[in-house]
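This is my_file.tsv (TSV, C-alpha atoms (C1' of nucleotides)).
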```
chain	number	residue	atom	x	y	z
Y	1	MET	CA	211.63	9.90	116.55
Y	2	ILE	CA	213.16	11.80	113.67
Y	3	SER	CA	210.68	13.84	111.64
Y	4	PHE	CA	210.92	14.02	107.86
Y	5	GLU	CA	208.02	16.43	107.50
Y	6	LYS	CA	210.24	19.30	106.41
Y	7	LEU	CA	211.94	17.25	103.70
Y	8	ILE	CA	210.73	18.44	100.30
Y	9	LEU	CA	211.97	16.19	97.51
Y	10	ASN	CA	213.03	17.57	94.14
Y	11	ASP	CA	213.57	15.46	91.04
Y	12	SER	CA	216.89	16.94	89.92
Y	13	GLU	CA	218.86	14.72	92.28
Y	14	PRO	CA	218.56	11.07	93.41
Y	15	ILE	CA	216.01	10.71	96.22
Y	16	TYR	CA	218.29	8.53	98.35
Y	17	ALA	CA	220.97	11.26	98.25
Y	18	GLN	CA	218.45	13.91	99.34
Y	19	ILE	CA	217.43	11.78	102.31
Y	20	VAL	CA	221.05	11.23	103.37
Y	21	ARG	CA	221.78	14.94	103.10
Y	22	PHE	CA	218.61	15.85	105.02
Y	23	VAL	CA	219.73	13.67	107.93
Y	24	LYS	CA	223.25	15.13	107.89
Y	25	ARG	CA	221.87	18.68	107.92
Y	26	GLY	CA	219.61	17.78	110.82
Y	27	ILE	CA	222.61	16.45	112.73
Y	28	VAL	CA	224.54	19.67	112.08
Y	29	ALA	CA	221.50	21.69	113.18
Y	30	GLU	CA	221.19	19.44	116.27
Y	31	THR	CA	217.53	18.73	115.49
Y	32	ILE	CA	218.71	15.12	115.14
Y	33	GLN	CA	220.65	13.75	118.08
Y	34	ASP	CA	222.46	10.65	119.28
Y	35	GLY	CA	220.17	7.75	120.18
Y	36	GLU	CA	217.11	9.03	118.32
Y	37	GLU	CA	214.86	6.51	116.64
Y	38	MET	CA	214.58	6.40	112.85
Y	39	PRO	CA	211.17	5.73	111.29
Y	40	SER	CA	210.96	2.23	109.82
Y	41	ARG	CA	211.68	1.82	106.09
Y	42	ARG	CA	208.03	1.09	105.38
Y	43	VAL	CA	206.71	4.03	107.38
Y	44	LEU	CA	209.09	6.56	105.84
Y	45	SER	CA	208.35	5.09	102.44
Y	46	ALA	CA	204.65	5.84	102.96
Y	47	THR	CA	205.32	9.28	104.48
Y	48	LEU	CA	207.43	10.45	101.55
Y	49	GLY	CA	205.49	8.56	98.87
Y	50	VAL	CA	208.67	6.82	97.79
Y	51	ASN	CA	209.55	3.20	97.13
Y	52	PRO	CA	210.82	1.20	100.16
Y	53	ASN	CA	213.92	0.19	98.19
Y	54	THR	CA	214.90	3.84	97.82
Y	55	ILE	CA	214.60	4.35	101.58
Y	56	GLN	CA	216.62	1.21	102.17
Y	57	LYS	CA	219.38	2.56	99.93
Y	58	ALA	CA	219.51	5.82	101.90
Y	59	TYR	CA	219.56	3.95	105.24
Y	60	ARG	CA	222.27	1.59	104.00
Y	61	ILE	CA	224.47	4.57	103.10
Y	62	LEU	CA	223.83	6.19	106.48
Y	63	GLU	CA	224.80	2.91	108.16
Y	64	GLU	CA	227.94	2.54	106.04
Y	65	GLU	CA	228.93	6.05	107.10
Y	66	GLY	CA	228.43	5.10	110.76
Y	67	ILE	CA	225.53	7.51	111.31
Y	68	ILE	CA	222.82	4.96	112.14
Y	69	ARG	CA	222.83	1.34	113.29
Y	70	SER	CA	220.36	-1.34	112.23
Y	71	HIS	CA	219.64	-4.90	113.36
Y	72	ALA	CA	217.38	-7.28	111.44
Y	73	GLY	CA	213.96	-7.27	113.08
Y	74	ALA	CA	214.67	-4.32	115.39
Y	75	LYS	CA	214.28	-0.58	114.96
Y	76	SER	CA	217.09	1.66	113.67
Y	77	PHE	CA	218.73	4.38	115.73
Y	78	VAL	CA	221.07	7.31	115.25
Y	79	GLN	CA	224.59	6.71	116.53
Y	80	LEU	CA	226.70	9.82	117.06
Y	81	ASP	CA	229.53	11.20	119.14
Y	82	SER	CA	230.72	14.80	119.17
Y	83	ALA	CA	233.67	14.02	116.88
Y	84	ALA	CA	231.28	12.58	114.29
Y	85	VAL	CA	229.07	15.67	114.53
Y	86	SER	CA	231.96	18.06	113.94
Y	87	SER	CA	233.29	16.09	111.00
Y	88	ILE	CA	229.85	15.93	109.38
Y	89	ARG	CA	229.46	19.65	110.01
Y	90	ALA	CA	232.80	20.49	108.41
Y	91	GLU	CA	232.29	18.16	105.46
Y	92	LEU	CA	228.76	19.37	104.74
Y	93	ILE	CA	229.06	23.11	105.22
Y	94	GLU	CA	232.48	23.58	103.69
Y	95	SER	CA	231.60	21.53	100.63
Y	96	GLU	CA	228.38	23.49	100.11
Y	97	ILE	CA	230.00	26.89	100.56
Y	98	GLY	CA	232.96	25.76	98.48
Y	99	ALA	CA	230.64	24.82	95.64
Y	100	LEU	CA	229.03	28.26	95.69
Y	101	ILE	CA	232.40	29.99	95.73
Y	102	GLY	CA	233.49	27.96	92.70
Y	103	ALA	CA	230.28	28.82	90.88
Y	104	MET	CA	230.61	32.53	91.63
Y	105	GLN	CA	234.24	32.60	90.52
Y	106	GLN	CA	233.34	30.89	87.24
Y	107	SER	CA	230.62	33.50	86.72
Y	108	GLY	CA	233.10	36.33	87.34
Y	109	VAL	CA	231.33	37.46	90.52
Y	110	SER	CA	233.66	39.12	93.05
Y	111	LYS	CA	233.84	38.11	96.70
Y	112	GLU	CA	232.34	41.45	97.75
Y	113	GLU	CA	229.45	41.17	95.30
Y	114	ALA	CA	228.75	37.57	96.30
Y	115	LEU	CA	228.66	38.50	99.99
Y	116	SER	CA	226.41	41.45	99.28
Y	117	LEU	CA	224.04	39.34	97.14
Y	118	MET	CA	223.86	36.75	99.89
Y	119	GLN	CA	223.23	39.43	102.49
Y	120	ARG	CA	220.38	40.79	100.37
Y	121	LEU	CA	218.80	37.45	99.39
Y	122	TRP	CA	218.82	35.92	102.89
Y	123	LYS	CA	215.39	35.99	104.50
Y	124	GLU	CA	214.64	34.32	107.80
K	1	MET	CA	235.78	30.62	69.29
K	2	ILE	CA	234.51	29.58	72.71
K	3	SER	CA	237.02	27.61	74.77
K	4	PHE	CA	235.90	24.66	76.90
K	5	GLU	CA	239.36	24.01	78.32
K	6	LYS	CA	238.38	25.09	81.80
K	7	LEU	CA	235.33	22.84	81.92
K	8	ILE	CA	236.04	19.94	84.28
K	9	LEU	CA	233.28	17.34	84.15
K	10	ASN	CA	232.11	15.52	87.25
K	11	ASP	CA	229.93	12.41	87.26
K	12	SER	CA	227.42	13.48	89.88
K	13	GLU	CA	225.34	15.46	87.35
K	14	PRO	CA	224.37	14.92	83.69
K	15	ILE	CA	227.15	15.99	81.32
K	16	TYR	CA	224.78	17.91	79.03
K	17	ALA	CA	223.59	19.99	82.02
K	18	GLN	CA	227.16	20.79	83.03
K	19	ILE	CA	227.91	22.02	79.51
K	20	VAL	CA	224.79	24.23	79.46
K	21	ARG	CA	225.69	25.71	82.84
K	22	PHE	CA	229.31	26.27	81.82
K	23	VAL	CA	228.14	28.35	78.84
K	24	LYS	CA	225.72	30.35	81.00
K	25	ARG	CA	228.43	31.10	83.57
K	26	GLY	CA	230.75	32.20	80.76
K	27	ILE	CA	228.06	34.57	79.48
K	28	VAL	CA	227.59	36.05	82.95
K	29	ALA	CA	231.38	36.41	83.31
K	30	GLU	CA	231.47	37.99	79.82
K	31	THR	CA	234.14	35.53	78.67
K	32	ILE	CA	231.51	34.40	76.16
K	33	GLN	CA	229.98	37.16	74.04
K	34	ASP	CA	227.40	37.76	71.35
K	35	GLY	CA	228.39	36.45	67.90
K	36	GLU	CA	231.09	34.09	69.12
K	37	GLU	CA	231.55	30.80	67.30
K	38	MET	CA	230.77	27.52	69.02
K	39	PRO	CA	233.04	24.54	68.38
K	40	SER	CA	231.36	21.95	66.18
K	41	ARG	CA	229.60	19.04	67.89
K	42	ARG	CA	232.27	16.62	66.71
K	43	VAL	CA	235.18	18.80	67.79
K	44	LEU	CA	233.80	19.46	71.27
K	45	SER	CA	232.96	15.79	71.56
K	46	ALA	CA	236.62	14.93	70.98
K	47	THR	CA	237.89	17.74	73.22
K	48	LEU	CA	235.80	16.67	76.20
K	49	GLY	CA	236.00	12.93	75.49
K	50	VAL	CA	232.22	12.75	75.42
K	51	ASN	CA	229.76	11.22	72.96
K	52	PRO	CA	228.57	13.52	70.12
K	53	ASN	CA	224.95	12.83	71.06
K	54	THR	CA	225.56	14.26	74.52
K	55	ILE	CA	227.02	17.44	73.01
K	56	GLN	CA	224.07	17.65	70.64
K	57	LYS	CA	221.68	17.48	73.58
K	58	ALA	CA	223.46	20.38	75.31
K	59	TYR	CA	223.47	22.45	72.11
K	60	ARG	CA	219.79	21.70	71.48
K	61	ILE	CA	218.92	23.00	74.96
K	62	LEU	CA	221.03	26.13	74.43
K	63	GLU	CA	219.22	26.69	71.14
K	64	GLU	CA	215.78	26.16	72.71
K	65	GLU	CA	216.71	28.76	75.33
K	66	GLY	CA	217.67	31.20	72.56
K	67	ILE	CA	221.35	31.32	73.53
K	68	ILE	CA	222.82	29.91	70.32
K	69	ARG	CA	221.57	29.55	66.73
K	70	SER	CA	222.28	26.62	64.44
K	71	HIS	CA	221.68	25.93	60.73
K	72	ALA	CA	222.14	22.51	59.16
K	73	GLY	CA	225.52	22.43	57.46
K	74	ALA	CA	226.79	25.70	58.94
K	75	LYS	CA	228.60	26.56	62.13
K	76	SER	CA	226.80	27.51	65.35
K	77	PHE	CA	227.05	30.93	66.98
K	78	VAL	CA	226.17	32.61	70.24
K	79	GLN	CA	223.18	34.94	70.02
K	80	LEU	CA	222.81	37.40	72.88
K	81	ASP	CA	221.47	40.83	73.71
K	82	SER	CA	221.94	42.70	76.98
K	83	ALA	CA	218.47	41.75	78.22
K	84	ALA	CA	219.27	38.08	77.73
K	85	VAL	CA	222.54	38.46	79.58
K	86	SER	CA	220.89	40.09	82.59
K	87	SER	CA	218.18	37.49	82.77
K	88	ILE	CA	220.70	34.64	82.59
K	89	ARG	CA	222.75	36.39	85.24
K	90	ALA	CA	219.79	36.78	87.56
K	91	GLU	CA	218.54	33.24	87.00
K	92	LEU	CA	221.95	31.65	87.51
K	93	ILE	CA	223.33	33.61	90.45
K	94	GLU	CA	220.13	33.90	92.46
K	95	SER	CA	219.35	30.22	92.10
K	96	GLU	CA	222.84	29.24	93.21
K	97	ILE	CA	222.93	31.61	96.17
K	98	GLY	CA	219.37	30.68	97.03
K	99	ALA	CA	220.31	27.00	97.15
K	100	LEU	CA	223.15	27.74	99.56
K	101	ILE	CA	220.92	29.85	101.79
K	102	GLY	CA	218.39	27.02	101.96
K	103	ALA	CA	221.12	24.53	102.81
K	104	MET	CA	222.55	26.74	105.56
K	105	GLN	CA	219.12	27.36	107.07
K	106	GLN	CA	218.39	23.61	107.11
K	107	SER	CA	221.72	23.08	108.86
K	108	GLY	CA	220.91	25.72	111.47
K	109	VAL	CA	223.69	28.03	110.35
K	110	SER	CA	222.97	31.73	110.98
K	111	LYS	CA	223.28	34.41	108.33
K	112	GLU	CA	226.25	35.93	110.13
K	113	GLU	CA	228.04	32.62	110.47
K	114	ALA	CA	227.42	31.73	106.84
K	115	LEU	CA	228.79	35.08	105.67
K	116	SER	CA	231.82	34.72	107.90
K	117	LEU	CA	232.47	31.16	106.70
K	118	MET	CA	232.23	32.32	103.11
K	119	GLN	CA	234.55	35.23	103.82
K	120	ARG	CA	237.09	32.84	105.31
K	121	LEU	CA	236.85	30.07	102.68
K	122	TRP	CA	237.05	32.36	99.64
K	123	LYS	CA	240.47	32.29	98.01
K	124	GLU	CA	241.24	34.05	94.75
X	1	DC	C1'	233.07	21.63	41.40
X	2	DT	C1'	234.24	18.89	45.09
X	3	DA	C1'	235.96	17.49	49.26
X	4	DA	C1'	235.75	18.34	53.94
X	5	DC	C1'	233.38	20.09	57.05
X	6	DT	C1'	228.71	21.23	59.25
X	7	DG	C1'	224.03	20.04	61.79
X	8	DT	C1'	220.74	16.43	62.26
X	9	DA	C1'	218.73	11.83	62.71
X	10	DT	C1'	218.43	6.83	63.68
X	11	DT	C1'	219.19	2.36	65.91
X	12	DA	C1'	221.27	-0.36	69.40
X	13	DT	C1'	223.34	-1.24	73.92
X	14	DA	C1'	224.63	-0.39	78.86
X	15	DT	C1'	224.07	1.52	83.36
X	16	DC	C1'	221.71	3.86	87.08
X	17	DA	C1'	217.72	5.48	89.81
X	18	DC	C1'	213.32	4.30	90.89
X	19	DT	C1'	209.15	1.62	91.20
X	20	DA	C1'	206.60	-2.71	92.09
X	21	DA	C1'	205.62	-6.96	94.24
X	22	DT	C1'	207.05	-10.37	97.05
X	23	DA	C1'	209.40	-13.25	100.46
X	24	DC	C1'	211.72	-14.50	104.79
X	25	DA	C1'	213.61	-14.41	109.23
X	26	DG	C1'	214.55	-11.67	113.52
X	27	DT	C1'	212.49	-8.69	117.39
X	28	DC	C1'	209.14	-7.17	120.52
X	29	DC	C1'	205.03	-6.60	123.08
X	30	DA	C1'	200.36	-7.84	124.69
T	1	DT	C1'	202.98	-17.98	122.45
T	2	DG	C1'	201.45	-15.41	118.54
T	3	DG	C1'	200.80	-11.63	115.77
T	4	DA	C1'	202.48	-7.34	114.21
T	5	DC	C1'	206.09	-5.13	113.50
T	6	DT	C1'	211.19	-4.88	112.04
T	7	DG	C1'	215.38	-5.21	108.60
T	8	DT	C1'	216.87	-7.54	104.53
T	9	DA	C1'	216.82	-9.73	99.98
T	10	DT	C1'	215.29	-10.91	95.25
T	11	DT	C1'	213.28	-10.41	90.69
T	12	DA	C1'	211.22	-7.60	87.18
T	13	DG	C1'	210.14	-3.43	84.62
T	14	DT	C1'	210.55	1.73	83.29
T	15	DG	C1'	212.78	6.02	82.12
T	16	DA	C1'	216.93	8.88	81.84
T	17	DT	C1'	221.77	9.31	80.69
T	18	DA	C1'	225.45	8.11	77.96
T	19	DT	C1'	227.95	5.44	74.48
T	20	DA	C1'	228.64	3.50	69.76
T	21	DA	C1'	228.17	3.29	64.91
T	22	DT	C1'	226.18	5.05	61.04
T	23	DA	C1'	223.78	7.82	57.62
T	24	DC	C1'	222.33	11.94	55.03
T	25	DA	C1'	221.80	16.48	53.39
T	26	DG	C1'	223.27	21.50	53.73
T	27	DT	C1'	227.40	24.79	53.79
T	28	DT	C1'	231.77	26.44	52.62
T	29	DA	C1'	236.57	26.94	51.35
T	30	DG	C1'	240.24	25.63	48.10
```

Please lay out the structure from this file as structure tokens.
Amino acid sequence: MISFEKLILNDSEPIYAQIVRFVKRGIVAETIQDGEEMPSRRVLSATLGVNPNTIQKAYRILEEEGIIRSHAGAKSFVQLDSAAVSSIRAELIESEIGALIGAMQQSGVSKEEALSLMQRLWKE
Amino acid sequence: MISFEKLILNDSEPIYAQIVRFVKRGIVAETIQDGEEMPSRRVLSATLGVNPNTIQKAYRILEEEGIIRSHAGAKSFVQLDSAAVSSIRAELIESEIGALIGAMQQSGVSKEEALSLMQRLWKE
DNA sequence: CTAACTGTATTATATCACTAATACAGTCCA
DNA sequence: TGGACTGTATTAGTGATATAATACAGTTAG
């Protein structure tokens, strides 16, 4: 069963999008694997303190992207092959790093300075 | 006069927030300096193809943060000292790098791998 | 002076994200 | 079989974002 305990919601971005991204990051980190069971809409709704409709929207997006499968009445499960994992990994990581690079360039920060700042700010 | 030609708006974030951030990045990059003239609300509205009220909201936030000053009837100008520039720089860069670090950690990407990915993806 | 610009304010409308409260039918297990 | 779960759908209401159309008073250059 996938755990959403480490998901901390912020209000500067749609909740459904944060849930989708959390799942994708878990897949990339391999803490979420093929065949795992998703919590039901109602349970996750209660866990996160969020409306069931918002959870449903996130799950619908995950299903449309082929990441989970759902059947009316039955539980929902993660559906992944290694090709899917690599494409999610590439899409997610490269878009996030690409966004930072764009931001740094617009702020006039050099590659060397950005790398050094990241080196210094990274704490385990 | 500050140029907004290089500001490309996307629809995944409020327009007023993108304008505020664009100005802050310009200040950090020193392409925007103390005393510079802001385009009028109406002119920028036409330039960006955005409603005047949206521009006004961005300018109001910039004024509340002490970055520009406005007087009814007169033009608006940038108001900066070196302390303000450093604090904007710190706030902007550290929050953006911090967000990436958090994302990479949630995706199980190591510091070394993240730095190497950034090294490889950065193009001038 | 005056006309054209400036910032500022108001009212109305539309869309999206989210909440709230139900409802219904399919699945599954004791 | 029956009850408790499941996914799915609908209707309604709120707040934020953005658009549209004005209006008004202060500033400034010709």

Hey, could you make a per-residue contact list for chain K against chain T with 6 Å as the cut-off, showing the nearest pair of atoms and its distance in Å to one decimal, counting all atoms listed in the file, sorted by chain and number, as a tab-separated table?
```
residue	atom	partner	partner_atom	distance
K:Ala72	CA	T:DG26	C1'	5.6
K:Gly73	CA	T:DG26	C1'	4.5
K:Ala74	CA	T:DT27	C1'	5.3
```

Output chain Y as an mmCIF file with C-alpha atoms, in the coordinates of the input, after least-squares fitting it to chain K on all in-order C-alpha pairs.
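Dumped to out-v8.cif:
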```
data_model
loop_
_atom_site.group_PDB
_atom_site.id
_atom_site.type_symbol
_atom_site.label_atom_id
_atom_site.label_comp_id
_atom_site.auth_asym_id
_atom_site.auth_seq_id
_atom_site.Cartn_x
_atom_site.Cartn_y
_atom_site.Cartn_z
ATOM 1 C CA MET Y 1 235.760 30.637 69.329
ATOM 2 C CA ILE Y 2 234.504 29.626 72.741
ATOM 3 C CA SER Y 3 237.009 27.668 74.820
ATOM 4 C CA PHE Y 4 235.916 24.722 76.943
ATOM 5 C CA GLU Y 5 239.368 24.100 78.375
ATOM 6 C CA LYS Y 6 238.378 25.222 81.856
ATOM 7 C CA LEU Y 7 235.342 22.940 81.971
ATOM 8 C CA ILE Y 8 236.035 20.072 84.365
ATOM 9 C CA LEU Y 9 233.293 17.454 84.239
ATOM 10 C CA ASN Y 10 232.101 15.645 87.352
ATOM 11 C CA ASP Y 11 229.948 12.528 87.320
ATOM 12 C CA SER Y 12 227.406 13.569 89.951
ATOM 13 C CA GLU Y 13 225.352 15.516 87.427
ATOM 14 C CA PRO Y 14 224.351 14.949 83.771
ATOM 15 C CA ILE Y 15 227.129 16.047 81.403
ATOM 16 C CA TYR Y 16 224.764 17.951 79.108
ATOM 17 C CA ALA Y 17 223.568 20.031 82.089
ATOM 18 C CA GLN Y 18 227.159 20.855 83.080
ATOM 19 C CA ILE Y 19 227.897 22.070 79.562
ATOM 20 C CA VAL Y 20 224.787 24.273 79.492
ATOM 21 C CA ARG Y 21 225.657 25.753 82.871
ATOM 22 C CA PHE Y 22 229.287 26.332 81.843
ATOM 23 C CA VAL Y 23 228.128 28.386 78.858
ATOM 24 C CA LYS Y 24 225.678 30.395 80.976
ATOM 25 C CA ARG Y 25 228.391 31.167 83.535
ATOM 26 C CA GLY Y 26 230.711 32.260 80.751
ATOM 27 C CA ILE Y 27 228.024 34.607 79.450
ATOM 28 C CA VAL Y 28 227.548 36.100 82.923
ATOM 29 C CA ALA Y 29 231.326 36.475 83.258
ATOM 30 C CA GLU Y 30 231.427 38.045 79.761
ATOM 31 C CA THR Y 31 234.108 35.583 78.641
ATOM 32 C CA ILE Y 32 231.462 34.439 76.143
ATOM 33 C CA GLN Y 33 229.942 37.170 74.018
ATOM 34 C CA ASP Y 34 227.359 37.763 71.316
ATOM 35 C CA GLY Y 35 228.348 36.444 67.889
ATOM 36 C CA GLU Y 36 231.078 34.094 69.108
ATOM 37 C CA GLU Y 37 231.538 30.808 67.310
ATOM 38 C CA MET Y 38 230.771 27.525 69.068
ATOM 39 C CA PRO Y 39 233.054 24.542 68.439
ATOM 40 C CA SER Y 40 231.378 21.927 66.246
ATOM 41 C CA ARG Y 41 229.630 19.005 67.980
ATOM 42 C CA ARG Y 42 232.313 16.597 66.810
ATOM 43 C CA VAL Y 43 235.216 18.789 67.885
ATOM 44 C CA LEU Y 44 233.829 19.480 71.354
ATOM 45 C CA SER Y 45 232.984 15.812 71.676
ATOM 46 C CA ALA Y 46 236.650 14.953 71.091
ATOM 47 C CA THR Y 47 237.914 17.781 73.326
ATOM 48 C CA LEU Y 48 235.831 16.702 76.310
ATOM 49 C CA GLY Y 49 236.035 12.960 75.617
ATOM 50 C CA VAL Y 50 232.258 12.766 75.538
ATOM 51 C CA ASN Y 51 229.790 11.236 73.113
ATOM 52 C CA PRO Y 52 228.608 13.521 70.253
ATOM 53 C CA ASN Y 53 224.984 12.833 71.206
ATOM 54 C CA THR Y 54 225.587 14.315 74.650
ATOM 55 C CA ILE Y 55 227.019 17.477 73.090
ATOM 56 C CA GLN Y 56 224.082 17.641 70.717
ATOM 57 C CA LYS Y 57 221.686 17.474 73.665
ATOM 58 C CA ALA Y 58 223.457 20.376 75.387
ATOM 59 C CA TYR Y 59 223.469 22.447 72.167
ATOM 60 C CA ARG Y 60 219.797 21.689 71.539
ATOM 61 C CA ILE Y 61 218.920 23.000 75.010
ATOM 62 C CA LEU Y 62 221.023 26.122 74.470
ATOM 63 C CA GLU Y 63 219.216 26.686 71.163
ATOM 64 C CA GLU Y 64 215.791 26.132 72.730
ATOM 65 C CA GLU Y 65 216.688 28.744 75.337
ATOM 66 C CA GLY Y 66 217.650 31.191 72.574
ATOM 67 C CA ILE Y 67 221.333 31.319 73.544
ATOM 68 C CA ILE Y 68 222.818 29.895 70.334
ATOM 69 C CA ARG Y 69 221.566 29.488 66.771
ATOM 70 C CA SER Y 70 222.306 26.560 64.472
ATOM 71 C CA HIS Y 71 221.709 25.849 60.783
ATOM 72 C CA ALA Y 72 222.176 22.414 59.220
ATOM 73 C CA GLY Y 73 225.569 22.318 57.529
ATOM 74 C CA ALA Y 74 226.791 25.631 58.971
ATOM 75 C CA LYS Y 75 228.607 26.516 62.171
ATOM 76 C CA SER Y 76 226.787 27.486 65.384
ATOM 77 C CA PHE Y 77 227.039 30.901 66.999
ATOM 78 C CA VAL Y 78 226.126 32.598 70.251
ATOM 79 C CA GLN Y 79 223.138 34.921 70.003
ATOM 80 C CA LEU Y 80 222.758 37.421 72.834
ATOM 81 C CA ASP Y 81 221.412 40.854 73.637
ATOM 82 C CA SER Y 82 221.912 42.735 76.890
ATOM 83 C CA ALA Y 83 218.435 41.807 78.157
ATOM 84 C CA ALA Y 84 219.244 38.118 77.674
ATOM 85 C CA VAL Y 85 222.536 38.538 79.537
ATOM 86 C CA SER Y 86 220.888 40.176 82.540
ATOM 87 C CA SER Y 87 218.149 37.578 82.743
ATOM 88 C CA ILE Y 88 220.659 34.723 82.558
ATOM 89 C CA ARG Y 89 222.737 36.474 85.205
ATOM 90 C CA ALA Y 90 219.783 36.888 87.556
ATOM 91 C CA GLU Y 91 218.488 33.366 87.000
ATOM 92 C CA LEU Y 92 221.887 31.729 87.465
ATOM 93 C CA ILE Y 93 223.334 33.656 90.380
ATOM 94 C CA GLU Y 94 220.172 34.023 92.411
ATOM 95 C CA SER Y 95 219.290 30.359 92.048
ATOM 96 C CA GLU Y 96 222.788 29.300 93.108
ATOM 97 C CA ILE Y 97 222.936 31.635 96.093
ATOM 98 C CA GLY Y 98 219.356 30.752 96.968
ATOM 99 C CA ALA Y 99 220.252 27.075 97.041
ATOM 100 C CA LEU Y 100 223.123 27.725 99.442
ATOM 101 C CA ILE Y 101 220.938 29.837 101.703
ATOM 102 C CA GLY Y 102 218.359 27.041 101.842
ATOM 103 C CA ALA Y 103 221.051 24.502 102.656
ATOM 104 C CA MET Y 104 222.529 26.653 105.418
ATOM 105 C CA GLN Y 105 219.121 27.305 106.960
ATOM 106 C CA GLN Y 106 218.345 23.578 106.983
ATOM 107 C CA SER Y 107 221.684 22.976 108.706
ATOM 108 C CA GLY Y 108 220.886 25.602 111.354
ATOM 109 C CA VAL Y 109 223.712 27.895 110.225
ATOM 110 C CA SER Y 110 223.034 31.592 110.904
ATOM 111 C CA LYS Y 111 223.377 34.297 108.269
ATOM 112 C CA GLU Y 112 226.365 35.780 110.109
ATOM 113 C CA GLU Y 113 228.135 32.430 110.384
ATOM 114 C CA ALA Y 114 227.471 31.605 106.733
ATOM 115 C CA LEU Y 115 228.881 34.957 105.608
ATOM 116 C CA SER Y 116 231.908 34.525 107.827
ATOM 117 C CA LEU Y 117 232.529 30.964 106.570
ATOM 118 C CA MET Y 118 232.285 32.181 102.997
ATOM 119 C CA GLN Y 119 234.631 35.062 103.729
ATOM 120 C CA ARG Y 120 237.146 32.617 105.199
ATOM 121 C CA LEU Y 121 236.853 29.885 102.542
ATOM 122 C CA TRP Y 122 237.077 32.203 99.514
ATOM 123 C CA LYS Y 123 240.497 32.100 97.885
ATOM 124 C CA GLU Y 124 241.279 33.874 94.647
#
```

Inset, instruction - Considering all atoms listed in the file, extract the chain K residues located within 10 Å of chain X and return them as an NGL selection string. - result: :K and (40-42 or 56 or 70-76)

Inset, instruction - Go ahead and compute the interatomic distance for CA of Leu62 (chain Y) and CA of Val109 (chain K), in Å to one decimal. - result: 22.2 Å

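With distances taken from (234.9, 13.0, 77.0) and restricted to all atoms listed in the file, the residues inside 12 Å are K:Phe4, K:Glu5, K:Leu7, K:Ile8, K:Leu9, K:Asn10, K:Asp11, K:Ile15, K:Tyr16, K:Ile19, K:Arg42, K:Val43, K:Leu44, K:Ser45, K:Ala46, K:Thr47, K:Leu48, K:Gly49, K:Val50, K:Asn51, K:Pro52, K:Asn53, K:Thr54, K:Ile55, T:DA18, T:DT19.
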
Legend entry - Residues of chain K within 7 Å of chain Y, only C-alpha atoms counted, as a ChimeraX atom specification: /K:25-26,28-29,96-97,100-101,106-108,115,118,122

Residues of the last selection are to be written out with C-alpha atoms, as a PDB file, in the frame of the given file.
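Final file, part.pdb:
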```
ATOM      1  CA  ARG K  25     228.430  31.100  83.570  1.00  0.00           C
ATOM      2  CA  GLY K  26     230.750  32.200  80.760  1.00  0.00           C
ATOM      3  CA  VAL K  28     227.590  36.050  82.950  1.00  0.00           C
ATOM      4  CA  ALA K  29     231.380  36.410  83.310  1.00  0.00           C
ATOM      5  CA  GLU K  96     222.840  29.240  93.210  1.00  0.00           C
ATOM      6  CA  ILE K  97     222.930  31.610  96.170  1.00  0.00           C
ATOM      7  CA  LEU K 100     223.150  27.740  99.560  1.00  0.00           C
ATOM      8  CA  ILE K 101     220.920  29.850 101.790  1.00  0.00           C
ATOM      9  CA  GLN K 106     218.390  23.610 107.110  1.00  0.00           C
ATOM     10  CA  SER K 107     221.720  23.080 108.860  1.00  0.00           C
ATOM     11  CA  GLY K 108     220.910  25.720 111.470  1.00  0.00           C
ATOM     12  CA  LEU K 115     228.790  35.080 105.670  1.00  0.00           C
ATOM     13  CA  MET K 118     232.230  32.320 103.110  1.00  0.00           C
ATOM     14  CA  TRP K 122     237.050  32.360  99.640  1.00  0.00           C
TER      15      TRP K 122
END
```

Legend entry - Interatomic distance (Å, one decimal) between CA of Ser82 (chain K) and CA of Val20 (chain K): 18.9 Å

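You will find CA of Glu91 (chain K) at 19.0 Å from CA of Tyr59 (chain K).
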
Inset, instruction - Counting all atoms listed in the file, note down every residue that has an atom within 9 Å of the point (226.2, 8.9, 117.5) (file coordinates), as a PyMOL selection string. - result: chain Y and resi 33-35+66-68+77-82+84-85

Would it be fine to have region 101-116 of chain K, with C-alpha atoms, given as a compact mmCIF listing (two decimals), in the first residue's frame?
```txt
# COMPACT_ATOMS: atom_id res chain seq x y z
CA ILE K 101 16.86 20.07 -3.94
CA GLY K 102 13.60 19.03 -2.29
CA ALA K 103 12.29 17.64 -5.56
CA MET K 104 15.48 15.67 -6.22
CA GLN K 105 15.52 14.24 -2.70
CA GLN K 106 11.89 13.14 -3.04
CA SER K 107 12.80 11.45 -6.32
CA GLY K 108 15.73 9.64 -4.70
CA VAL K 109 18.32 11.47 -6.78
CA SER K 110 21.69 11.86 -5.04
CA LYS K 111 23.51 15.15 -4.69
CA GLU K 112 26.23 13.96 -7.05
CA GLU K 113 23.77 12.80 -9.68
CA ALA K 114 21.78 16.02 -9.47
CA LEU K 115 24.92 18.12 -9.90
CA SER K 116 26.04 16.01 -12.82
```
